[in-house]
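Asker: File follows, model-v8.txt with compact mmCIF, C-alpha atoms and all ligand atoms:
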# COMPACT_ATOMS: atom_id res chain seq x y z
CA LEU A 257 19.89 4.97 -9.03
CA LYS A 258 18.04 1.68 -8.94
CA THR A 259 15.12 1.64 -11.32
CA ILE A 260 11.91 -0.35 -11.26
CA GLN A 261 9.67 -0.15 -14.28
CA VAL A 262 5.90 0.12 -13.96
CA ASN A 263 4.12 -0.71 -17.20
CA THR A 264 0.44 -0.04 -16.86
CA LYS A 265 -2.00 0.22 -19.77
CA SER A 266 -2.35 3.96 -19.29
CA LYS A 267 1.34 4.78 -18.74
CA LYS A 268 4.81 3.30 -18.48
CA TYR A 269 7.03 4.95 -15.91
CA SER A 270 10.01 4.42 -13.65
CA VAL A 271 10.41 4.36 -9.93
CA TYR A 272 13.91 5.55 -9.01
CA LEU A 273 15.33 4.49 -5.70
CA GLY A 274 18.39 6.11 -4.09
CA GLY A 275 17.53 9.74 -4.71
CA ASN A 276 20.50 11.18 -2.76
CA SER A 277 18.82 14.37 -1.53
CA LEU A 278 16.81 14.61 -4.75
CA LYS A 279 19.92 15.51 -6.76
CA PRO A 280 18.76 13.49 -9.82
CA LEU A 281 15.57 15.59 -10.12
CA PRO A 282 16.79 18.19 -12.68
CA GLU A 283 18.33 15.47 -14.85
CA LEU A 284 15.10 13.43 -14.77
CA PHE A 285 13.09 16.46 -15.85
CA THR A 286 15.45 17.03 -18.77
CA ARG A 287 15.55 13.37 -19.77
CA GLN A 288 11.77 13.10 -19.78
CA GLN A 289 11.32 16.50 -21.41
CA LEU A 290 8.97 17.65 -18.69
CA PRO A 291 7.87 21.29 -18.55
CA GLU A 292 9.97 23.28 -16.10
CA ARG A 293 6.89 24.85 -14.56
CA VAL A 294 6.19 23.22 -11.25
CA LEU A 295 3.72 23.50 -8.44
CA VAL A 296 5.12 21.70 -5.41
CA VAL A 297 2.69 20.40 -2.79
CA MET A 298 4.79 19.59 0.23
CA ASP A 299 4.18 18.18 3.70
CA LYS A 300 4.81 20.86 6.35
CA THR A 301 7.00 18.61 8.52
CA VAL A 302 9.07 17.67 5.49
CA ASP A 303 9.36 21.36 4.64
CA LYS A 304 10.64 22.10 8.16
CA ILE A 305 13.31 19.40 8.05
CA TYR A 306 14.30 19.28 4.38
CA GLY A 307 12.70 22.39 2.86
CA GLN A 308 15.89 24.34 2.25
CA SER A 309 17.68 21.68 0.26
CA ILE A 310 14.50 20.68 -1.62
CA LYS A 311 13.89 24.29 -2.64
CA ARG A 312 17.51 24.70 -3.71
CA ILE A 313 17.22 21.73 -6.08
CA ILE A 314 13.89 22.84 -7.53
CA ASN A 315 15.02 26.46 -7.89
CA SER A 316 18.08 25.22 -9.77
CA PHE A 317 16.06 24.02 -12.75
CA ALA A 318 12.45 25.20 -12.62
CA GLU A 319 11.74 28.24 -14.73
CA LYS A 320 8.46 28.81 -12.87
CA LYS A 321 7.70 27.38 -9.44
CA TYR A 322 5.35 27.73 -6.52
CA PHE A 323 5.61 25.93 -3.18
CA LEU A 324 2.50 25.06 -1.23
CA THR A 325 2.88 23.41 2.18
CA LEU A 326 0.12 21.52 3.93
CA THR A 327 -0.16 19.91 7.35
CA ALA A 328 -0.73 16.24 6.57
CA SER A 329 -3.84 14.63 8.01
CA GLU A 330 -6.92 12.80 6.78
CA LYS A 331 -8.75 16.14 7.09
CA ILE A 332 -6.76 17.76 4.29
CA LYS A 333 -7.59 14.88 1.93
CA SER A 334 -10.73 16.80 1.02
CA ILE A 335 -12.49 18.51 -1.84
CA SER A 336 -11.98 21.83 -0.07
CA THR A 337 -8.17 21.48 0.05
CA ALA A 338 -8.25 20.32 -3.58
CA THR A 339 -10.14 23.54 -4.34
CA GLN A 340 -7.41 25.59 -2.63
CA ILE A 341 -4.80 23.94 -4.83
CA TYR A 342 -6.89 24.59 -8.00
CA GLN A 343 -7.16 28.22 -6.88
CA LYS A 344 -3.37 28.49 -6.50
CA LEU A 345 -2.85 26.93 -9.92
CA ILE A 346 -5.25 29.44 -11.45
CA ASP A 347 -3.97 32.48 -9.48
CA GLN A 348 -0.39 31.65 -10.39
CA LYS A 349 -1.36 31.13 -14.03
CA PHE A 350 -0.26 27.54 -14.26
CA GLY A 351 -1.63 26.00 -17.44
CA LYS A 352 -1.69 22.53 -18.89
CA ASP A 353 2.11 22.51 -19.27
CA THR A 354 2.64 22.21 -15.52
CA VAL A 355 4.11 19.46 -13.38
CA LEU A 356 2.61 18.94 -9.96
CA ILE A 357 5.23 17.51 -7.60
CA SER A 358 4.01 15.92 -4.39
CA ILE A 359 6.55 15.68 -1.59
CA GLY A 360 5.22 13.92 1.47
CA GLY A 361 3.37 10.86 2.66
CA GLY A 362 0.24 9.19 1.34
CA THR A 363 -2.15 11.96 2.33
CA ILE A 364 -0.25 14.60 0.34
CA GLY A 365 0.31 12.16 -2.56
CA ASP A 366 -3.34 11.05 -2.81
CA LEU A 367 -4.59 14.65 -2.70
CA ALA A 368 -1.98 16.03 -5.11
CA GLY A 369 -2.58 13.11 -7.47
CA TYR A 370 -6.30 13.84 -7.48
CA VAL A 371 -5.70 17.50 -8.30
CA ALA A 372 -3.17 16.64 -11.02
CA SER A 373 -5.59 14.23 -12.64
CA THR A 374 -8.42 16.75 -12.80
CA TYR A 375 -6.86 20.21 -13.32
CA THR A 376 -7.28 21.04 -17.01
CA ARG A 377 -8.25 17.35 -17.41
CA GLY A 378 -4.82 16.28 -16.29
CA ILE A 379 -1.40 17.82 -15.74
CA LYS A 380 1.80 15.90 -15.24
CA LEU A 381 2.51 14.43 -11.82
CA VAL A 382 5.70 13.44 -9.99
CA HIS A 383 5.68 11.68 -6.64
CA ILE A 384 8.45 12.07 -4.09
CA PRO A 385 7.28 9.90 -1.19
CA THR A 386 8.74 10.69 2.24
CA THR A 387 7.08 8.09 4.48
CA LEU A 388 7.69 4.35 4.42
CA LEU A 389 4.02 3.77 3.61
CA SER A 390 4.07 6.11 0.64
CA ALA A 391 7.42 4.78 -0.61
CA VAL A 392 6.30 1.15 -0.65
CA ASP A 393 2.68 1.62 -1.48
CA SER A 394 0.69 4.78 -2.17
CA SER A 395 3.10 6.49 -4.60
CA ILE A 396 2.94 3.52 -6.99
CA GLY A 397 -0.08 2.33 -8.92
CA GLY A 398 -1.90 5.58 -9.54
CA LYS A 399 -4.74 5.49 -6.99
CA THR A 400 -5.58 9.07 -6.02
CA GLY A 401 -8.35 10.22 -3.78
CA VAL A 402 -9.98 12.46 -1.26
CA ASN A 403 -12.34 11.70 1.60
CA PHE A 404 -15.92 12.92 1.58
CA GLN A 405 -17.98 13.31 4.75
CA SER A 406 -17.04 10.20 6.69
CA ALA A 407 -16.19 8.03 3.69
CA LYS A 408 -12.47 7.50 3.07
CA ASN A 409 -11.13 7.74 -0.49
CA ILE A 410 -14.68 7.75 -1.84
CA ILE A 411 -13.82 10.26 -4.56
CA GLY A 412 -10.80 9.59 -6.70
CA THR A 413 -9.16 8.63 -9.95
CA ILE A 414 -6.52 6.28 -11.25
CA TYR A 415 -3.77 8.51 -12.59
CA GLN A 416 -0.16 7.46 -13.01
CA PRO A 417 2.80 9.77 -12.34
CA GLU A 418 5.59 10.58 -14.83
CA PHE A 419 8.03 9.05 -12.37
CA VAL A 420 8.53 8.38 -8.68
CA LEU A 421 11.76 9.40 -6.97
CA ILE A 422 12.59 7.82 -3.62
CA ASP A 423 15.34 8.83 -1.25
CA SER A 424 15.32 6.46 1.71
CA LYS A 425 17.08 9.15 3.78
CA PHE A 426 13.64 10.67 4.35
CA MET A 427 12.85 7.60 6.48
CA SER A 428 15.50 8.60 9.03
CA THR A 429 13.28 11.31 10.52
CA LEU A 430 10.03 9.36 10.67
CA PRO A 431 8.55 8.90 14.14
CA LYS A 432 8.47 5.27 15.33
CA GLN A 433 4.69 5.21 14.93
CA GLU A 434 4.97 6.05 11.22
CA LEU A 435 7.69 3.44 10.73
CA VAL A 436 5.45 0.75 12.21
CA SER A 437 2.54 1.95 10.11
CA GLY A 438 4.58 1.73 6.90
CA PHE A 439 5.94 -1.62 7.94
CA GLY A 440 2.36 -2.94 8.13
CA GLU A 441 2.25 -2.75 4.34
CA VAL A 442 5.74 -4.23 4.06
CA ILE A 443 4.55 -7.21 6.11
CA LYS A 444 1.54 -7.53 3.81
CA TYR A 445 3.79 -7.73 0.73
CA SER A 446 5.77 -10.53 2.33
CA TYR A 447 2.77 -12.87 1.99
CA LEU A 448 2.32 -12.00 -1.67
CA THR A 449 5.59 -13.49 -2.84
CA ASP A 450 7.74 -16.52 -2.02
CA LYS A 451 8.73 -17.21 1.60
CA LYS A 452 12.21 -15.68 1.23
CA PHE A 453 11.12 -12.10 1.79
CA TYR A 454 9.08 -13.02 4.89
CA LYS A 455 12.02 -14.98 6.27
CA SER A 456 14.42 -12.09 5.81
CA LEU A 457 11.99 -9.67 7.48
CA LEU A 458 11.60 -12.03 10.39
CA LYS A 459 15.36 -12.03 10.78
CA ASN A 460 15.94 -8.29 10.30
CA TYR A 461 12.78 -6.46 11.38
CA LYS A 462 14.60 -4.79 14.31
CA LEU A 463 16.67 -2.75 11.86
CA LEU A 464 13.50 -0.76 11.19
CA PHE A 465 14.28 1.32 14.27
CA GLU A 466 18.02 1.53 13.71
CA ASN A 467 18.04 3.99 10.88
CA ASP A 468 19.72 1.48 8.59
CA ALA A 469 19.75 2.87 5.04
CA ASP A 470 20.61 -0.53 3.52
CA PHE A 471 17.64 -2.15 5.21
CA PHE A 472 15.27 0.58 3.97
CA ASN A 473 16.63 0.37 0.43
CA LYS A 474 16.22 -3.40 0.39
CA ILE A 475 12.69 -3.53 1.74
CA ILE A 476 11.49 -0.60 -0.39
CA PHE A 477 12.99 -2.24 -3.48
CA GLU A 478 11.36 -5.62 -2.77
CA CYS A 479 7.94 -4.10 -2.07
CA ILE A 480 7.97 -1.89 -5.15
CA LYS A 481 8.95 -4.84 -7.33
CA ILE A 482 5.89 -6.70 -6.08
CA LYS A 483 3.52 -3.75 -6.40
CA ALA A 484 4.88 -2.78 -9.83
CA ALA A 485 4.33 -6.29 -11.16
CA ILE A 486 0.77 -6.43 -9.83
CA VAL A 487 -0.37 -3.01 -11.04
CA SER A 488 1.36 -3.51 -14.38
CA SER A 489 -0.80 -6.52 -15.07
CA ASP A 490 -3.99 -5.18 -13.52
CA GLU A 491 -4.09 -1.40 -13.28
CA THR A 492 -7.82 -1.04 -12.66
CA GLU A 493 -8.75 -4.28 -10.86
CA GLU A 494 -10.14 -5.58 -14.12
CA THR A 495 -8.82 -9.11 -13.75
CA GLY A 496 -8.91 -8.96 -9.98
CA LEU A 497 -5.19 -9.57 -9.46
CA ARG A 498 -4.74 -6.09 -7.97
CA LYS A 499 -7.18 -7.09 -5.23
CA ILE A 500 -4.51 -9.27 -3.62
CA LEU A 501 -2.94 -6.00 -2.46
CA ASN A 502 -5.93 -5.79 -0.16
CA PHE A 503 -4.84 -8.80 1.88
CA GLY A 504 -5.78 -8.00 5.50
CA HIS A 505 -7.46 -4.75 4.43
CA THR A 506 -11.14 -5.72 4.71
CA PHE A 507 -10.50 -6.27 8.40
CA ALA A 508 -8.07 -3.34 8.61
CA HIS A 509 -10.48 -0.75 7.22
CA SER A 510 -13.09 -1.66 9.84
CA ILE A 511 -10.54 -1.81 12.65
CA GLU A 512 -9.26 1.62 11.60
CA SER A 513 -12.75 3.07 11.43
CA ASN A 514 -13.63 1.40 14.76
CA SER A 515 -10.75 3.36 16.32
CA ASP A 516 -12.26 6.58 14.91
CA TYR A 517 -9.19 6.73 12.69
CA LYS A 518 -6.93 7.20 15.70
CA MET A 519 -5.08 4.03 14.75
CA PRO A 520 -2.62 4.62 11.86
CA HIS A 521 -3.54 2.77 8.68
CA GLY A 522 -0.59 0.37 8.67
CA ASN A 523 -1.13 -0.57 12.32
CA ALA A 524 -4.69 -1.54 11.44
CA VAL A 525 -3.24 -3.51 8.51
CA ILE A 526 -1.11 -5.53 10.93
CA ALA A 527 -4.15 -6.37 13.07
CA GLY A 528 -6.11 -7.02 9.85
CA ILE A 529 -3.48 -9.46 8.62
CA VAL A 530 -3.69 -11.35 11.91
CA SER A 531 -7.47 -11.65 11.45
CA ALA A 532 -7.17 -12.63 7.77
CA LEU A 533 -4.66 -15.34 8.69
CA HIS A 534 -7.07 -16.66 11.30
CA LEU A 535 -9.91 -16.62 8.79
CA SER A 536 -7.72 -18.49 6.28
CA SER A 537 -7.17 -21.06 8.99
CA GLU A 538 -10.90 -21.19 9.96
CA MET A 539 -11.65 -21.89 6.32
CA LYS A 540 -9.07 -24.66 6.25
CA MET A 541 -6.81 -23.00 3.72
CA ILE A 542 -3.78 -23.16 5.98
CA ASN A 543 -2.94 -25.58 8.76
CA ASN A 544 -1.91 -24.69 12.32
CA ASN A 545 1.80 -24.86 11.61
CA GLN A 546 1.46 -22.46 8.71
CA LEU A 547 -0.75 -20.17 10.78
CA ASN A 548 1.70 -20.00 13.65
CA TYR A 549 4.66 -19.32 11.40
CA MET A 550 2.77 -16.66 9.46
CA LEU A 551 1.73 -14.95 12.69
CA GLU A 552 5.28 -14.61 13.96
CA LEU A 553 6.17 -11.43 12.08
CA PRO A 554 3.01 -9.37 12.69
CA MET A 555 3.15 -10.43 16.34
CA LYS A 556 6.50 -8.70 16.76
CA PHE A 557 4.60 -5.41 16.54
CA LYS A 558 1.79 -6.34 18.88
CA SER A 559 2.77 -3.90 21.60
CA SER A 560 2.71 -0.95 19.17
CA ILE A 561 -0.91 -1.57 18.29
CA ARG A 562 -3.80 -0.71 20.59
CA LEU A 563 -6.83 -2.80 19.82
CA LYS A 564 -10.14 -2.13 21.53
CA ARG A 565 -11.51 -4.91 23.68
CA ASN A 566 -14.72 -6.80 22.81
CA ASN A 567 -15.26 -5.07 19.51
CA SER A 568 -15.72 -8.01 17.15
CA ASP A 569 -19.41 -7.31 16.54
CA GLU A 570 -18.81 -3.62 15.93
CA ILE A 571 -15.98 -4.35 13.53
CA TYR A 572 -18.10 -6.89 11.69
CA LYS A 573 -20.96 -4.36 11.32
CA LYS A 574 -18.58 -1.83 9.82
CA MET A 575 -17.39 -4.42 7.33
CA VAL A 576 -20.91 -4.96 6.09
CA TYR A 577 -21.03 -1.29 5.12
CA ASP A 578 -17.65 -1.33 3.41
CA LYS A 579 -17.88 0.27 -0.01
CA LYS A 580 -16.31 -2.72 -1.71
CA ASN A 581 -19.06 -5.12 -0.75
CA ARG A 582 -21.39 -6.55 -3.29
CA ASN A 583 -25.00 -6.73 -2.07
CA GLY A 584 -23.80 -6.54 1.49
CA GLU A 585 -21.86 -9.79 1.18
CA ILE A 586 -18.35 -9.37 2.54
CA ARG A 587 -15.60 -10.82 0.38
CA PHE A 588 -12.10 -11.48 1.61
CA VAL A 589 -8.63 -11.96 0.25
CA LEU A 590 -7.32 -15.08 1.95
CA LEU A 591 -4.24 -17.20 1.50
CA LYS A 592 -3.26 -20.82 1.03
CA ASP A 593 0.46 -20.26 1.16
CA PHE A 594 3.09 -17.58 0.55
CA GLY A 595 2.36 -16.17 -2.89
CA GLU A 596 -0.91 -18.09 -3.15
CA LEU A 597 -3.67 -15.61 -2.51
CA ILE A 598 -7.34 -16.13 -3.30
CA ILE A 599 -9.64 -13.18 -3.87
CA ASP A 600 -13.38 -12.62 -3.48
CA ILE A 601 -13.97 -15.29 -0.86
CA PRO A 602 -17.30 -14.92 0.93
CA ALA A 603 -17.21 -16.00 4.56
CA GLU A 604 -19.90 -16.77 7.08
CA ARG A 605 -20.48 -14.31 9.88
CA LYS A 606 -19.55 -16.87 12.51
CA ASP A 607 -16.14 -17.52 10.93
CA VAL A 608 -15.39 -13.82 10.63
CA ILE A 609 -16.40 -13.14 14.22
CA LYS A 610 -14.34 -16.10 15.38
CA SER A 611 -11.28 -14.77 13.56
CA LEU A 612 -11.76 -11.34 15.10
CA LYS A 613 -12.16 -12.89 18.55
CA ARG A 614 -9.02 -14.95 18.11
CA THR A 615 -7.21 -11.77 17.13
CA GLU A 616 -8.46 -10.02 20.28
CA GLN A 617 -7.44 -13.01 22.36
CA ILE A 618 -3.88 -12.70 21.14
CA TRP A 619 -3.80 -9.07 22.17
CA PHE A 620 -5.46 -9.39 25.54
CA LYS A 621 -5.22 -12.92 26.90
CA ARG A 622 -1.77 -13.90 25.85
CA ALA A 623 -0.23 -10.53 26.58
CA THR A 624 2.41 -12.09 28.80
CA ALA A 625 3.14 -15.09 26.62
CA GLY A 626 6.03 -13.24 25.04
CA LEU A 627 4.74 -13.55 21.50
N1 LIG B 701 -2.97 5.65 -3.20
C1 LIG B 701 -2.78 4.47 -2.65
O1 LIG B 701 -2.63 3.45 -3.34
C2 LIG B 701 -2.71 4.37 -1.16
C3 LIG B 701 -2.24 3.19 -0.56
C4 LIG B 701 -2.13 3.14 0.83
C5 LIG B 701 -2.48 4.26 1.59
N2 LIG B 701 -2.93 5.39 0.97
C6 LIG B 701 -3.28 6.60 1.75
O2 LIG B 701 -2.09 7.06 2.37
C7 LIG B 701 -2.44 7.87 3.50
C8 LIG B 701 -1.47 7.57 4.64
O3 LIG B 701 -0.19 7.91 4.23
P1 LIG B 701 1.04 8.07 5.25
O4 LIG B 701 1.01 6.94 6.18
O5 LIG B 701 2.24 8.34 4.45
O6 LIG B 701 0.58 9.30 6.14
P2 LIG B 701 0.83 10.88 6.09
O7 LIG B 701 0.96 11.40 4.73
O8 LIG B 701 -0.27 11.47 6.92
O9 LIG B 701 2.22 11.05 6.86
C9 LIG B 701 2.33 10.61 8.19
C10 LIG B 701 3.07 11.61 9.07
O10 LIG B 701 4.45 11.62 8.75
C11 LIG B 701 4.92 12.95 8.61
N3 LIG B 701 6.08 12.87 7.70
C12 LIG B 701 6.06 12.65 6.36
N4 LIG B 701 7.32 12.48 5.91
C13 LIG B 701 8.15 12.64 6.96
C14 LIG B 701 9.57 12.56 7.13
N5 LIG B 701 10.37 12.26 6.13
N6 LIG B 701 10.08 12.77 8.37
C15 LIG B 701 9.24 13.05 9.42
N7 LIG B 701 7.90 13.10 9.33
C16 LIG B 701 7.37 12.90 8.11
C17 LIG B 701 3.73 13.72 8.14
O11 LIG B 701 3.83 15.08 8.44
C18 LIG B 701 2.61 13.05 8.91
O12 LIG B 701 2.49 13.60 10.19
C19 LIG B 701 -3.88 7.53 3.82
O13 LIG B 701 -4.69 8.65 3.50
C20 LIG B 701 -4.23 6.36 2.90
O14 LIG B 701 -5.56 6.37 2.46
C21 LIG B 701 -3.05 5.45 -0.38
Can you dump the structure from the file as structure tokens?

Answerer:
Amino acid sequence: LKTIQVNTKSKKYSVYLGGNSLKPLPELFTRQQLPERVLVVMDKTVDKIYGQSIKRIINSFAEKKYFLTLTASEKIKSISTATQIYQKLIDQKFGKDTVLISIGGGTIGDLAGYVASTYTRGIKLVHIPTTLLSAVDSSIGGKTGVNFQSAKNIIGTIYQPEFVLIDSKFMSTLPKQELVSGFGEVIKYSYLTDKKFYKSLLKNYKLLFENDADFFNKIIFECIKIKAAIVSSDETEETGLRKILNFGHTFAHSIESNSDYKMPHGNAVIAGIVSALHLSSEMKMINNNQLNYMLELPMKFKSSIRLKRNNSDEIYKKMVYDKKNRNGEIRFVLLKDFGELIIDIPAERKDVIKSLKRTEQIWFKRATAGL
């Protein structure tokens, strides 16, 4: 098992990579002296494909267990599903000495994390991410949350797990769409560190669709190293460093919402990165050569992403309402170079619109340019 340490102020924990069908789970429970009373919240698709072997492992060590399966979607990231889980915990007489294990993607993990952080003011939590997005991003760093009315992640906590166990074999059954979505975050990480990671992704990105375990292990490891370092030094966005993880996301959130959430998160992140790169160039932080090189990787996924035409104004309006804005002024994470990100940059409307238009142009006008 490869181990990456996350050392936040509130908790120090390990991310284990190479889970081999979750076989290390009993041993990790023993080593960390965790209570053997577990409520498992599991993604229904994961249950269908892997349920038998997962249940066998958990039954082998848990003295008390209950399995709850949910159909993953933004809809279940809600107070009402959280209430159903509380009800199960109460009905099944699970007390404070309980471990909640989430097995699934980011929707299951965010919801389960929220419940774990609030039930009896906090029970122990273990994440077993099964999507690329959750393996590289949402299972690490402790952000939990549910949606409320139309606002995404508006209610939530920061609550770290006891450990995260990743088996990249789960990636082998992900639909192509989910692979691309997860890869959106992988691409994002590649701008947050030195150029080496970006270069290697540019060379090997096609392996994403070839079910290559080595490739998954490598990219997951690299991304977690980056995220672990960032959240270890700024768990709650106190110093602002954690904000660099939002590179491309101010654009992405509005693009996602503009698609009525039909576009997967990571796909919107790819389009958002393209816009953020253009804005960095508009604001003279990078030159044309840098811009073109930095666009190469996200552009490889252009055909998987359906942007709407002529939506720059709409997307801009949505940004103004983004919950992270201060006094309606939109602030961006932009970049000067690989590993050189700058946070909280205000930008003029005209520059933002121009960057969005240049993004659209890439999608629609140069569709045959073979980018
Ligand atoms: N907490 C954080 O820091 C953080 C960071 C980024 C995103 N998020 C949240 O993550 C969520 C998105 O997560 P996601 O992309 O993992 O989506 P998801 O949880 O909805 O999973 C995507 C799809 O993949 C299926 N699936 C899961 N594992 C599978 C497997 N091994 N094989 C086949 N199918 C499988 C699911 O059933 C689902 O249909 C969003 O709600 C977003 O807000 C949270």

Asker: Hey, which bits of chain A sit within 7 Å of ligand LIG 701 (chain B), and for each residue what's the closest pair of atoms and how far apart in Å (one decimal), counting all atoms listed in the file, rows by chain and increasing number, as a Markdown table?

Answerer:
| residue | atom | partner | partner_atom | distance |
| --- | --- | --- | --- | --- |
| A:Asp299 | CA | B:LIG701 | O11 | 5.7 |
| A:Lys300 | CA | B:LIG701 | O11 | 6.2 |
| A:Thr301 | CA | B:LIG701 | O11 | 4.7 |
| A:Val302 | CA | B:LIG701 | C13 | 5.3 |
| A:Thr327 | CA | B:LIG701 | O11 | 6.4 |
| A:Ala328 | CA | B:LIG701 | O8 | 4.8 |
| A:Ser329 | CA | B:LIG701 | O8 | 4.9 |
| A:Glu330 | CA | B:LIG701 | O13 | 5.7 |
| A:Gly360 | CA | B:LIG701 | N4 | 5.1 |
| A:Gly361 | CA | B:LIG701 | O7 | 3.2 |
| A:Gly362 | CA | B:LIG701 | O3 | 3.2 |
| A:Thr363 | CA | B:LIG701 | O7 | 4.0 |
| A:Ile364 | CA | B:LIG701 | O7 | 5.6 |
| A:Asp366 | CA | B:LIG701 | N1 | 5.4 |
| A:Thr386 | CA | B:LIG701 | N4 | 4.3 |
| A:Thr387 | CA | B:LIG701 | N4 | 4.6 |
| A:Leu388 | CA | B:LIG701 | O5 | 6.8 |
| A:Leu389 | CA | B:LIG701 | O5 | 5.0 |
| A:Ser390 | CA | B:LIG701 | O5 | 4.8 |
| A:Asp393 | CA | B:LIG701 | C3 | 5.2 |
| A:Ser394 | CA | B:LIG701 | C1 | 3.5 |
| A:Ser395 | CA | B:LIG701 | N1 | 6.3 |
| A:Ile396 | CA | B:LIG701 | O1 | 6.7 |
| A:Gly397 | CA | B:LIG701 | O1 | 6.2 |
| A:Gly398 | CA | B:LIG701 | N1 | 6.4 |
| A:Lys399 | CA | B:LIG701 | N1 | 4.2 |
| A:Thr400 | CA | B:LIG701 | N1 | 5.1 |
| A:Asn409 | CA | B:LIG701 | O14 | 6.5 |
| A:Phe426 | CA | B:LIG701 | N5 | 4.0 |
| A:Met427 | CA | B:LIG701 | N5 | 5.3 |
| A:Ser428 | CA | B:LIG701 | N6 | 6.9 |
| A:Thr429 | CA | B:LIG701 | N6 | 4.1 |
| A:Leu430 | CA | B:LIG701 | C15 | 4.0 |
| A:Pro431 | CA | B:LIG701 | C15 | 6.3 |
| A:Glu434 | CA | B:LIG701 | C9 | 6.1 |
| A:Ser437 | CA | B:LIG701 | O4 | 6.5 |
| A:Gly438 | CA | B:LIG701 | O4 | 6.4 |
| A:His521 | CA | B:LIG701 | C8 | 6.6 |

Asker: As a PDB file with C-alpha atoms, in the coordinates of the input, please: the residues near Phe471 of chain A (cut-off 9 Å, only C-alpha atoms, same-chain neighbours under 6 positions excluded).

Answerer:
ATOM      1  CA  ASN A 460      15.940  -8.290  10.300  1.00  0.00           C
ATOM      2  CA  TYR A 461      12.780  -6.460  11.380  1.00  0.00           C
ATOM      3  CA  LEU A 463      16.670  -2.750  11.860  1.00  0.00           C
ATOM      4  CA  LEU A 464      13.500  -0.760  11.190  1.00  0.00           C
TER       5      LEU A 464
END

Asker: Nearest to Arg587 of chain A: which of A:Val382, A:Ile314, A:Val442, A:Ile599 is it, counting all atoms listed in the file?

Answerer: A:Ile599

Asker: Return the padded bounding box of segment 446-456 of chain A as JSON: axis-aligned, built from all atoms listed in the file, 6 Å added on each side, with centre and edge lengths in Å to one decimal.

Answerer:
{"center_x": 8.4, "center_y": -13.9, "center_z": 1.7, "size_x": 24.1, "size_y": 18.7, "size_z": 21.1}

Asker: What gap, in Å, lies between atom CA of Val296 of chain A and atom CA of Lys321 of chain A?

Answerer: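 One can read the atom CA of Val296 of chain A to atom CA of Lys321 of chain A distance as 7.4 Å.
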
Asker: Find the residues around Ala407 of chain A up to 12 Å (all atoms listed in the file counted), leave out those fewer than 5 positions away in its own chain, and share them as a count of residues only.

Answerer: 16

Asker: Please provide as a list in words all residues within 8 Å of segment 500-507 of chain A, with the sequence filter that same-chain residues fewer than 6 positions apart are discarded (counting all atoms listed in the file).

Answerer: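 Using all atoms listed in the file, the neighbours found are Lys444, Tyr445, Leu448, Lys483, Val525, Ile526, Ala527, Gly528, Ile529, Val530, Ser531, Ala532, Ile571, Met575, Asp578, Phe588, Val589, Leu590, Leu597, Ile598 and Ile599 of chain A.
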
Asker: I'd like the neighbourhood of segment 548-562 of chain A as an mmCIF file with C-alpha atoms, in the coordinates of the input, where a residue qualifies if any of its atoms comes within 8 Å (using all atoms listed in the file), though same-chain residues fewer than 5 positions away should be ignored.

Answerer:
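part-v4.cif was written with the following content:
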data_model
loop_
_atom_site.group_PDB
_atom_site.id
_atom_site.type_symbol
_atom_site.label_atom_id
_atom_site.label_comp_id
_atom_site.auth_asym_id
_atom_site.auth_seq_id
_atom_site.Cartn_x
_atom_site.Cartn_y
_atom_site.Cartn_z
ATOM 1 C CA GLN A 433 4.690 5.210 14.930
ATOM 2 C CA VAL A 436 5.450 0.750 12.210
ATOM 3 C CA GLY A 440 2.360 -2.940 8.130
ATOM 4 C CA ILE A 443 4.550 -7.210 6.110
ATOM 5 C CA TYR A 454 9.080 -13.020 4.890
ATOM 6 C CA LEU A 457 11.990 -9.670 7.480
ATOM 7 C CA LEU A 458 11.600 -12.030 10.390
ATOM 8 C CA MET A 519 -5.080 4.030 14.750
ATOM 9 C CA ASN A 523 -1.130 -0.570 12.320
ATOM 10 C CA ALA A 524 -4.690 -1.540 11.440
ATOM 11 C CA ILE A 526 -1.110 -5.530 10.930
ATOM 12 C CA ALA A 527 -4.150 -6.370 13.070
ATOM 13 C CA ILE A 529 -3.480 -9.460 8.620
ATOM 14 C CA VAL A 530 -3.690 -11.350 11.910
ATOM 15 C CA LEU A 533 -4.660 -15.340 8.690
ATOM 16 C CA TRP A 619 -3.800 -9.070 22.170
ATOM 17 C CA LEU A 627 4.740 -13.550 21.500
#

Asker: Using all atoms listed in the file, can you tell me which of A:Glu493, A:Leu273, A:Ser611, A:Lys564 comes closest to Ile475 of chain A?

Answerer: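 Counting all atoms listed in the file, the residue closest to Ile475 of chain A is A:Leu273.
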
Asker: Calculate how many Å separate atom CA of Leu326 of chain A from atom CA of Val297 of chain A, rounding to one decimal.

Answerer: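 Distance between the two atoms: 7.3 Å.
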
Asker: To one decimal place, how far is atom CA of Thr264 of chain A from atom CA of Tyr342 of chain A in Å?

Answerer: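 Computed distance, atom CA of Thr264 of chain A to atom CA of Tyr342 of chain A, equals 27.2 Å.
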
Asker: Identify which of the residues A:Ala372, A:Val271, A:Leu284, A:Val294 lies closest to Ala391 of chain A, counting only C-alpha atoms when measuring atom-to-atom distances.

Answerer: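 With only C-alpha atoms as the atom set, the closest residue is A:Val271.
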
Asker: If I put a ball of radius 8 Å at (-0.5, 13.6, -6.7) in the file's coordinates, which residues poke into it when counting all atoms listed in the file, written as a list in words?

Answerer: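 Checking each residue against the 8 Å limit leaves Leu356, Ile357, Ser358, Ile364, Gly365, Asp366, Leu367, Ala368, Gly369, Tyr370, Val371, Ala372, Ser373, Leu381, Val382, His383, Thr400 and Pro417 of chain A.
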
Asker: Using all atoms listed in the file, which residue out of A:Glu441, A:Asp600, A:Glu616, A:Glu585 lies closest to Ile476 of chain A?

Answerer: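 Among the listed residues, the smallest separation from Ile476 of chain A belongs to A:Glu441.
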